[in-house]
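Source file: structure.txt (compact mmCIF, C-alpha atoms)
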```
# COMPACT_ATOMS: atom_id res chain seq x y z
CA MET I 279 0.00 0.00 0.00
CA LYS I 280 1.15 3.52 -0.78
CA LYS I 281 2.01 5.73 2.14
CA MET I 282 0.12 8.97 2.88
CA ASN I 283 2.13 12.14 2.51
CA ASP I 284 1.75 15.66 3.89
CA ILE I 285 2.93 17.96 1.18
CA GLU I 286 3.24 21.73 1.27
CA VAL I 287 2.37 23.63 -1.85
CA ILE I 288 2.08 27.34 -2.52
CA ILE I 289 -0.91 28.33 -4.62
CA ASN I 290 -1.67 31.95 -5.44
CA ASN I 291 0.90 33.04 -2.82
CA LYS I 292 -0.67 31.05 0.04
CA ARG I 293 0.73 27.96 1.68
CA TYR I 294 -1.42 24.80 1.85
CA THR I 295 -0.65 21.39 3.30
CA LEU I 296 -2.12 18.61 1.20
CA ARG I 297 -2.52 15.13 2.61
CA GLY I 298 -2.73 12.32 0.13
CA TYR I 299 -1.13 9.45 -1.74
CA GLU I 300 0.26 11.54 -4.57
CA SER I 301 4.00 12.18 -4.82
CA GLU I 302 5.56 15.50 -3.90
CA GLU I 303 6.70 15.89 -7.51
CA TYR I 304 3.20 15.39 -8.88
CA LEU I 305 1.56 17.83 -6.47
CA GLN I 306 4.18 20.50 -7.17
CA LYS I 307 3.49 20.07 -10.87
CA VAL I 308 -0.24 20.54 -10.24
CA ALA I 309 0.43 23.61 -8.03
CA SER I 310 2.70 25.14 -10.62
CA TYR I 311 0.10 24.57 -13.34
CA ILE I 312 -2.54 26.37 -11.24
CA ASN I 313 -0.13 29.20 -10.41
CA ASN I 314 0.56 29.70 -14.10
CA LYS I 315 -3.17 30.03 -14.67
CA HIS I 316 -3.37 32.68 -11.93
CA ALA I 317 -0.44 34.53 -13.46
CA GLU I 318 -1.99 34.41 -16.93
CA PHE I 319 -5.31 35.75 -15.65
CA LYS I 320 -3.69 38.50 -13.59
CA LYS I 321 -2.15 39.93 -16.76
CA GLN I 322 -5.62 40.74 -18.06
CA ASP I 323 -7.41 43.97 -17.10
CA PHE I 324 -10.92 42.52 -16.91
CA TYR I 325 -9.78 39.92 -14.37
CA ARG I 326 -8.48 42.52 -11.91
CA MET I 327 -11.94 44.09 -11.85
CA LEU I 328 -13.72 40.89 -10.84
CA ASP I 329 -14.59 39.80 -7.31
CA ALA I 330 -12.75 36.84 -5.77
CA GLU I 331 -15.59 34.36 -6.34
CA THR I 332 -15.96 35.18 -10.03
CA ARG I 333 -12.18 34.96 -10.45
CA ASN I 334 -12.22 31.51 -8.94
CA VAL I 335 -15.09 30.37 -11.14
CA LEU I 336 -13.25 31.63 -14.23
CA LEU I 337 -10.15 29.77 -13.15
CA GLU I 338 -12.14 26.58 -12.55
CA ILE I 339 -13.75 26.89 -15.98
CA ASN I 340 -10.35 27.43 -17.55
CA ILE I 341 -8.86 24.32 -15.94
CA ALA I 342 -11.99 22.28 -16.71
CA ASP I 343 -11.67 23.47 -20.32
CA ASP I 344 -8.10 22.07 -20.47
CA TYR I 345 -9.51 18.82 -19.09
CA PHE I 346 -12.33 18.54 -21.64
CA LYS I 347 -10.10 19.53 -24.55
CA ILE I 348 -7.65 16.76 -23.71
CA LYS I 349 -10.51 14.35 -23.05
CA ASN I 350 -11.71 14.89 -26.63
CA GLN I 351 -8.15 14.37 -27.80
CA VAL I 352 -8.17 11.00 -26.00
CA LYS I 353 -11.30 10.03 -27.91
CA GLU I 354 -9.66 10.96 -31.21
CA ILE I 355 -6.48 9.03 -30.46
CA GLU I 356 -8.52 6.07 -29.30
CA ASN I 357 -10.43 6.10 -32.58
CA GLU I 358 -7.12 6.25 -34.44
CA ASN I 359 -5.93 3.36 -32.30
CA ASP I 360 -9.02 1.33 -33.16
CA SER I 361 -8.60 1.89 -36.86
CA LYS I 362 -4.93 0.89 -36.59
CA SER I 363 -5.99 -2.30 -34.77
CA ASN I 364 -8.38 -3.05 -37.62
CA GLU I 365 -5.65 -2.44 -40.16
CA ILE I 366 -3.33 -4.82 -38.26
CA PHE I 367 -6.07 -7.44 -38.21
CA ASP I 368 -6.61 -7.11 -41.97
CA LEU I 369 -2.87 -7.16 -42.74
CA LYS I 370 -2.35 -10.28 -40.62
CA HIS I 371 -5.27 -11.92 -42.36
CA GLU I 372 -3.87 -11.04 -45.79
CA LEU I 373 -0.42 -12.23 -44.72
CA ILE I 374 -1.81 -15.62 -43.69
CA SER I 375 -3.59 -15.92 -47.03
CA VAL I 376 -0.49 -15.00 -49.10
CA HIS I 377 1.68 -17.33 -46.97
CA SER I 378 -0.72 -20.15 -47.66
CA LYS I 379 -0.66 -19.42 -51.41
CA LEU I 380 3.14 -19.38 -51.30
CA GLU I 381 3.14 -22.74 -49.52
CA THR I 382 0.88 -24.27 -52.18
CA ALA I 383 3.01 -22.80 -54.98
CA THR I 384 6.21 -24.13 -53.37
CA ARG I 385 4.70 -27.59 -53.02
CA ASP I 386 3.47 -27.54 -56.66
CA LEU I 387 6.92 -26.41 -57.72
CA GLU I 388 8.47 -29.44 -56.02
CA THR I 389 5.97 -31.76 -57.73
CA TYR I 390 6.75 -30.27 -61.17
CA LYS I 391 10.49 -30.49 -60.50
CA THR I 392 10.20 -34.17 -59.66
CA GLU I 393 8.00 -34.85 -62.69
CA LEU I 394 10.38 -32.94 -64.97
CA ASN I 395 13.29 -34.87 -63.55
CA GLU I 396 11.49 -38.15 -64.23
CA ALA I 397 10.57 -36.99 -67.73
CA GLN I 398 14.20 -36.07 -68.48
CA LYS I 399 15.34 -39.50 -67.28
CA THR I 400 12.73 -41.11 -69.54
CA ILE I 401 13.96 -39.01 -72.48
CA ILE I 402 17.57 -40.12 -71.89
CA ARG I 403 16.46 -43.75 -71.63
CA LEU I 404 14.38 -43.51 -74.82
CA GLU I 405 17.18 -41.72 -76.71
CA THR I 406 19.66 -44.41 -75.63
CA GLU I 407 17.26 -47.14 -76.80
CA LEU I 408 16.83 -45.36 -80.13
CA LEU I 409 20.60 -45.01 -80.59
CA GLU I 410 21.03 -48.73 -79.90
CA LYS I 411 18.34 -49.58 -82.44
CA LYS I 412 20.09 -47.41 -85.05
CA ARG I 413 23.41 -49.21 -84.64
CA MET S 124 -14.87 32.78 -38.43
CA LYS S 125 -16.82 31.53 -35.40
CA LYS S 126 -19.28 33.88 -33.80
CA MET S 127 -18.89 35.05 -30.19
CA ASN S 128 -21.62 33.90 -27.84
CA ASP S 129 -22.90 35.17 -24.50
CA ILE S 130 -23.83 32.11 -22.52
CA GLU S 131 -25.38 31.93 -19.08
CA VAL S 132 -24.21 29.18 -16.76
CA ILE S 133 -24.97 28.47 -13.14
CA ILE S 134 -21.96 27.43 -11.10
CA ASN S 135 -22.23 26.75 -7.38
CA ASN S 136 -25.72 28.33 -7.37
CA LYS S 137 -24.59 31.62 -8.93
CA ARG S 138 -25.36 32.85 -12.41
CA TYR S 139 -22.46 33.87 -14.70
CA THR S 140 -22.48 35.13 -18.26
CA LEU S 141 -19.58 33.78 -20.26
CA ARG S 142 -18.54 35.41 -23.51
CA GLY S 143 -16.59 33.27 -25.92
CA TYR S 144 -16.45 31.09 -29.01
CA GLU S 145 -17.46 27.86 -27.29
CA SER S 146 -20.91 26.38 -27.89
CA GLU S 147 -23.69 26.57 -25.33
CA GLU S 148 -23.65 22.77 -25.09
CA TYR S 149 -19.93 22.65 -24.34
CA LEU S 150 -20.07 25.36 -21.65
CA GLN S 151 -23.05 23.72 -19.96
CA LYS S 152 -21.08 20.47 -19.88
CA VAL S 153 -18.13 22.28 -18.26
CA ALA S 154 -20.47 23.99 -15.74
CA SER S 155 -22.14 20.73 -14.86
CA TYR S 156 -18.76 19.05 -14.37
CA ILE S 157 -17.69 21.82 -11.95
CA ASN S 158 -21.04 21.68 -10.12
CA ASN S 159 -20.62 17.94 -9.63
CA LYS S 160 -17.22 18.62 -8.06
CA HIS S 161 -18.82 21.15 -5.67
CA ALA S 162 -21.53 18.65 -4.79
CA GLU S 163 -18.98 15.90 -4.14
CA PHE S 164 -16.91 18.14 -1.89
CA LYS S 165 -19.92 19.43 0.04
CA LYS S 166 -20.74 15.87 1.08
CA GLN S 167 -17.50 15.76 3.07
CA ASP S 168 -17.29 17.11 6.62
CA PHE S 169 -13.76 18.51 6.40
CA TYR S 170 -14.74 20.64 3.39
CA ARG S 171 -17.55 22.41 5.23
CA MET S 172 -15.04 23.52 7.86
CA LEU S 173 -12.73 25.22 5.36
CA ASP S 174 -12.77 28.89 4.38
CA ALA S 175 -13.91 29.87 0.87
CA GLU S 176 -10.40 30.36 -0.48
CA THR S 177 -9.14 26.98 0.65
CA ARG S 178 -12.27 25.34 -0.75
CA ASN S 179 -11.57 26.95 -4.10
CA VAL S 180 -7.95 25.87 -4.09
CA LEU S 181 -8.98 22.29 -3.28
CA LEU S 182 -11.46 22.35 -6.14
CA GLU S 183 -8.85 23.73 -8.52
CA ILE S 184 -6.40 21.03 -7.48
CA ASN S 185 -9.07 18.39 -7.98
CA ILE S 186 -9.89 19.57 -11.51
CA ALA S 187 -6.19 19.97 -12.35
CA ASP S 188 -5.69 16.40 -11.10
CA ASP S 189 -8.33 15.14 -13.57
CA TYR S 190 -6.49 17.08 -16.25
CA PHE S 191 -3.06 15.61 -15.44
CA LYS S 192 -4.41 12.08 -15.06
CA ILE S 193 -5.95 12.18 -18.51
CA LYS S 194 -2.85 13.88 -19.91
CA ASN S 195 -0.80 10.88 -18.80
CA GLN S 196 -3.39 8.63 -20.40
CA VAL S 197 -2.84 10.51 -23.67
CA LYS S 198 0.86 9.70 -23.46
CA GLU S 199 0.11 6.02 -22.92
CA ILE S 200 -2.37 5.82 -25.80
CA GLU S 201 0.04 7.70 -28.04
CA ASN S 202 2.75 5.18 -27.21
CA GLU S 203 0.32 2.38 -28.01
CA ASN S 204 -0.48 4.18 -31.25
CA ASP S 205 3.21 4.43 -32.13
CA SER S 206 3.80 0.75 -31.52
CA LYS S 207 0.76 -0.10 -33.65
CA SER S 208 2.15 2.10 -36.43
CA ASN S 209 5.43 0.22 -36.22
CA GLU S 210 3.60 -3.09 -36.35
CA ILE S 211 1.70 -1.92 -39.45
CA PHE S 212 4.97 -0.87 -41.07
CA ASP S 213 6.54 -4.28 -40.34
CA LEU S 214 3.48 -6.20 -41.53
CA LYS S 215 3.34 -4.22 -44.79
CA HIS S 216 7.03 -4.87 -45.29
CA GLU S 217 6.60 -8.59 -44.69
CA LEU S 218 3.56 -8.65 -46.98
CA ILE S 219 5.57 -7.07 -49.81
CA SER S 220 8.32 -9.64 -49.30
CA VAL S 221 5.93 -12.64 -49.28
CA HIS S 222 4.06 -11.23 -52.30
CA SER S 223 7.35 -10.99 -54.17
CA LYS S 224 8.28 -14.59 -53.23
CA LEU S 225 4.85 -15.73 -54.42
CA GLU S 226 5.37 -13.91 -57.72
CA THR S 227 8.73 -15.63 -58.24
CA ALA S 228 7.28 -19.02 -57.33
CA THR S 229 4.35 -18.51 -59.73
CA ARG S 230 6.74 -17.54 -62.55
CA ASP S 231 8.99 -20.56 -61.84
CA LEU S 232 5.90 -22.76 -61.80
CA GLU S 233 4.97 -21.55 -65.29
CA THR S 234 8.50 -22.24 -66.54
CA TYR S 235 8.46 -25.79 -65.12
CA LYS S 236 4.99 -26.40 -66.58
CA THR S 237 6.22 -25.39 -70.05
CA GLU S 238 9.37 -27.48 -69.71
CA LEU S 239 7.39 -30.49 -68.52
CA ASN S 240 4.98 -30.06 -71.39
CA GLU S 241 7.90 -29.96 -73.86
CA ALA S 242 9.47 -33.01 -72.21
CA GLN S 243 6.19 -34.93 -72.46
CA LYS S 244 5.96 -34.07 -76.16
CA THR S 245 9.55 -35.27 -76.64
CA ILE S 246 8.71 -38.54 -74.83
CA ILE S 247 5.72 -39.12 -77.10
CA ARG S 248 7.83 -38.38 -80.20
CA LEU S 249 10.61 -40.70 -79.04
CA GLU S 250 8.18 -43.46 -78.13
CA THR S 251 6.56 -43.18 -81.57
CA GLU S 252 9.97 -43.35 -83.24
CA LEU S 253 10.86 -46.40 -81.17
CA LEU S 254 7.59 -48.12 -82.03
CA GLU S 255 8.20 -47.48 -85.73
CA LYS S 256 11.72 -48.93 -85.46
CA LYS S 257 10.33 -52.05 -83.77
CA ARG S 258 7.84 -52.71 -86.63
```
Exercise: express the given structure as C-alpha cells:
Amino acid sequence: MKKMNDIEVIINNKRYTLRGYESEEYLQKVASYINNKHAEFKKQDFYRMLDAETRNVLLEINIADDYFKIKNQVKEIENENDSKSNEIFDLKHELISVHSKLETATRDLETYKTELNEAQKTIIRLETELLEKKR
Amino acid sequence: MKKMNDIEVIINNKRYTLRGYESEEYLQKVASYINNKHAEFKKQDFYRMLDAETRNVLLEINIADDYFKIKNQVKEIENENDSKSNEIFDLKHELISVHSKLETATRDLETYKTELNEAQKTIIRLETELLEKKR
C-alpha cells in the first residue's frame, strides 16, 4: 500500500498542506500549473476588476476546459488506435492468405520439379534405346 | 470565423455570463462538471469547515488532477499508437516480401509447366519413333 504524505504547496501566494497518496513531484506540478493560470489571468485587465468568487469560477472553468479539450483528444487518439488495430487485423489476415498461397506454390513447384526430372530421365532412356536400335 | 456567444451558466448556485467562441452545449457540460465537483466536496465534513479560499484551491487542485491524469493517459495511448504504427509498417514490409516470393514461385511454376509439357511431347515423339523402329 502507498504511504500517505503531507505535502506543502504554494498556490496563489498562500501555503497549503495537502494530505494524500500523490508524490511531492506530482503535487508540485499541479500547483505550478494552477499558479501559471493565476499569473496568466492577472495579466488581463478585466480579471483585476472581478470579485474573488468570479475569479475563482473563471479559473475553474479554464482548468476544466483544459480537461475537456484533452478528453476529446483521448477520444480521437482512441479512434485512431481502433482503426490501426483493424488495419493490423486485416494485414495479418492477408499475410496468412499469401503465406498459404506461397506454400501451395512451393509444393506444386516441387511436384513439377520431380516430374520434370522423371521426364528427363525417360527421355535419356528412350534416346539411348533409339541409338542402340540405329546401330 | 466563429461567432462570439454570450452564454449563461450556473456554477455553485450563482449565475455567470460567459462570452466566448465555445458552444452553449460545451459550456453547460463544463459547468455541470464543476457543479458535480462542488456537490462531491460538500458531502464531506472537512470541506464544510474550510474557508472559501481553501475550498476553491482544493477544487482547482481536484480539476487539475483530472487534467493531469488524462494527460498521462494521452501519453500512454500515443505510445500504443506508435507501436501499432510500427507493427503496421513491419506487416506491410513482410507482406511485400511474401508477395514478391509468391510472384517468383508462380513464374517458376509456369517455366516448369512449359518445360514439362515440352518433355512430355519429346517422350511421345521418341516413343513413336521407337515403335516405328520395332515394326
Test item: chain I residues at most 8 Å from chain S, counting all atoms listed in the file, as an NGL selection string | :I and (289 or 308-309 or 311-312 or 334-335 or 337-339 or 341-346 or 348-349 or 351-352 or 355-356 or 358-359 or 362-363 or 365-366 or 369-370 or 372-373 or 376-377 or 379-380 or 383-384 or 386-387 or 390-391 or 393-394 or 397-398 or 400-401 or 404-405 or 407-408 or 411)
Separation of CA of Ile288 (chain I) from CA of Arg333 (chain I), in Å and rounded to one decimal |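 Rounded to one decimal, the two atoms are 18.0 Å apart.
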Gap from CA of Asn283 (chain I) to CA of Gly298 (chain I) - Å, one decimal |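 According to the coordinates, CA of Asn283 (chain I) and CA of Gly298 (chain I) are separated by 5.4 Å.
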Have a look at CA of Leu328 (chain I) and CA of Asn314 (chain I) and let me know their distance in Å, one decimal.
->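 CA of Asn314 (chain I) lies at a distance of 18.4 Å from CA of Leu328 (chain I).
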Region 282-322 of chain I written out with C-alpha atoms as an mmCIF file, in the first residue's frame:
```cif
data_model
loop_
_atom_site.group_PDB
_atom_site.id
_atom_site.type_symbol
_atom_site.label_atom_id
_atom_site.label_comp_id
_atom_site.auth_asym_id
_atom_site.auth_seq_id
_atom_site.Cartn_x
_atom_site.Cartn_y
_atom_site.Cartn_z
ATOM 1 C CA MET I 282 0.125 8.970 2.883
ATOM 2 C CA ASN I 283 2.133 12.140 2.507
ATOM 3 C CA ASP I 284 1.752 15.660 3.894
ATOM 4 C CA ILE I 285 2.932 17.961 1.178
ATOM 5 C CA GLU I 286 3.239 21.730 1.275
ATOM 6 C CA VAL I 287 2.367 23.634 -1.847
ATOM 7 C CA ILE I 288 2.082 27.343 -2.519
ATOM 8 C CA ILE I 289 -0.913 28.329 -4.619
ATOM 9 C CA ASN I 290 -1.669 31.953 -5.444
ATOM 10 C CA ASN I 291 0.897 33.041 -2.817
ATOM 11 C CA LYS I 292 -0.669 31.051 0.040
ATOM 12 C CA ARG I 293 0.732 27.961 1.683
ATOM 13 C CA TYR I 294 -1.416 24.800 1.845
ATOM 14 C CA THR I 295 -0.650 21.394 3.297
ATOM 15 C CA LEU I 296 -2.115 18.609 1.199
ATOM 16 C CA ARG I 297 -2.524 15.133 2.613
ATOM 17 C CA GLY I 298 -2.733 12.320 0.125
ATOM 18 C CA TYR I 299 -1.133 9.446 -1.743
ATOM 19 C CA GLU I 300 0.264 11.540 -4.572
ATOM 20 C CA SER I 301 4.004 12.180 -4.819
ATOM 21 C CA GLU I 302 5.555 15.503 -3.900
ATOM 22 C CA GLU I 303 6.698 15.895 -7.514
ATOM 23 C CA TYR I 304 3.202 15.386 -8.884
ATOM 24 C CA LEU I 305 1.556 17.834 -6.469
ATOM 25 C CA GLN I 306 4.179 20.495 -7.166
ATOM 26 C CA LYS I 307 3.490 20.068 -10.873
ATOM 27 C CA VAL I 308 -0.242 20.539 -10.239
ATOM 28 C CA ALA I 309 0.429 23.609 -8.031
ATOM 29 C CA SER I 310 2.702 25.141 -10.616
ATOM 30 C CA TYR I 311 0.100 24.565 -13.339
ATOM 31 C CA ILE I 312 -2.542 26.367 -11.235
ATOM 32 C CA ASN I 313 -0.132 29.201 -10.409
ATOM 33 C CA ASN I 314 0.563 29.696 -14.101
ATOM 34 C CA LYS I 315 -3.174 30.028 -14.674
ATOM 35 C CA HIS I 316 -3.367 32.682 -11.929
ATOM 36 C CA ALA I 317 -0.437 34.527 -13.461
ATOM 37 C CA GLU I 318 -1.992 34.414 -16.933
ATOM 38 C CA PHE I 319 -5.306 35.752 -15.655
ATOM 39 C CA LYS I 320 -3.694 38.504 -13.594
ATOM 40 C CA LYS I 321 -2.150 39.929 -16.757
ATOM 41 C CA GLN I 322 -5.622 40.739 -18.063
#
```
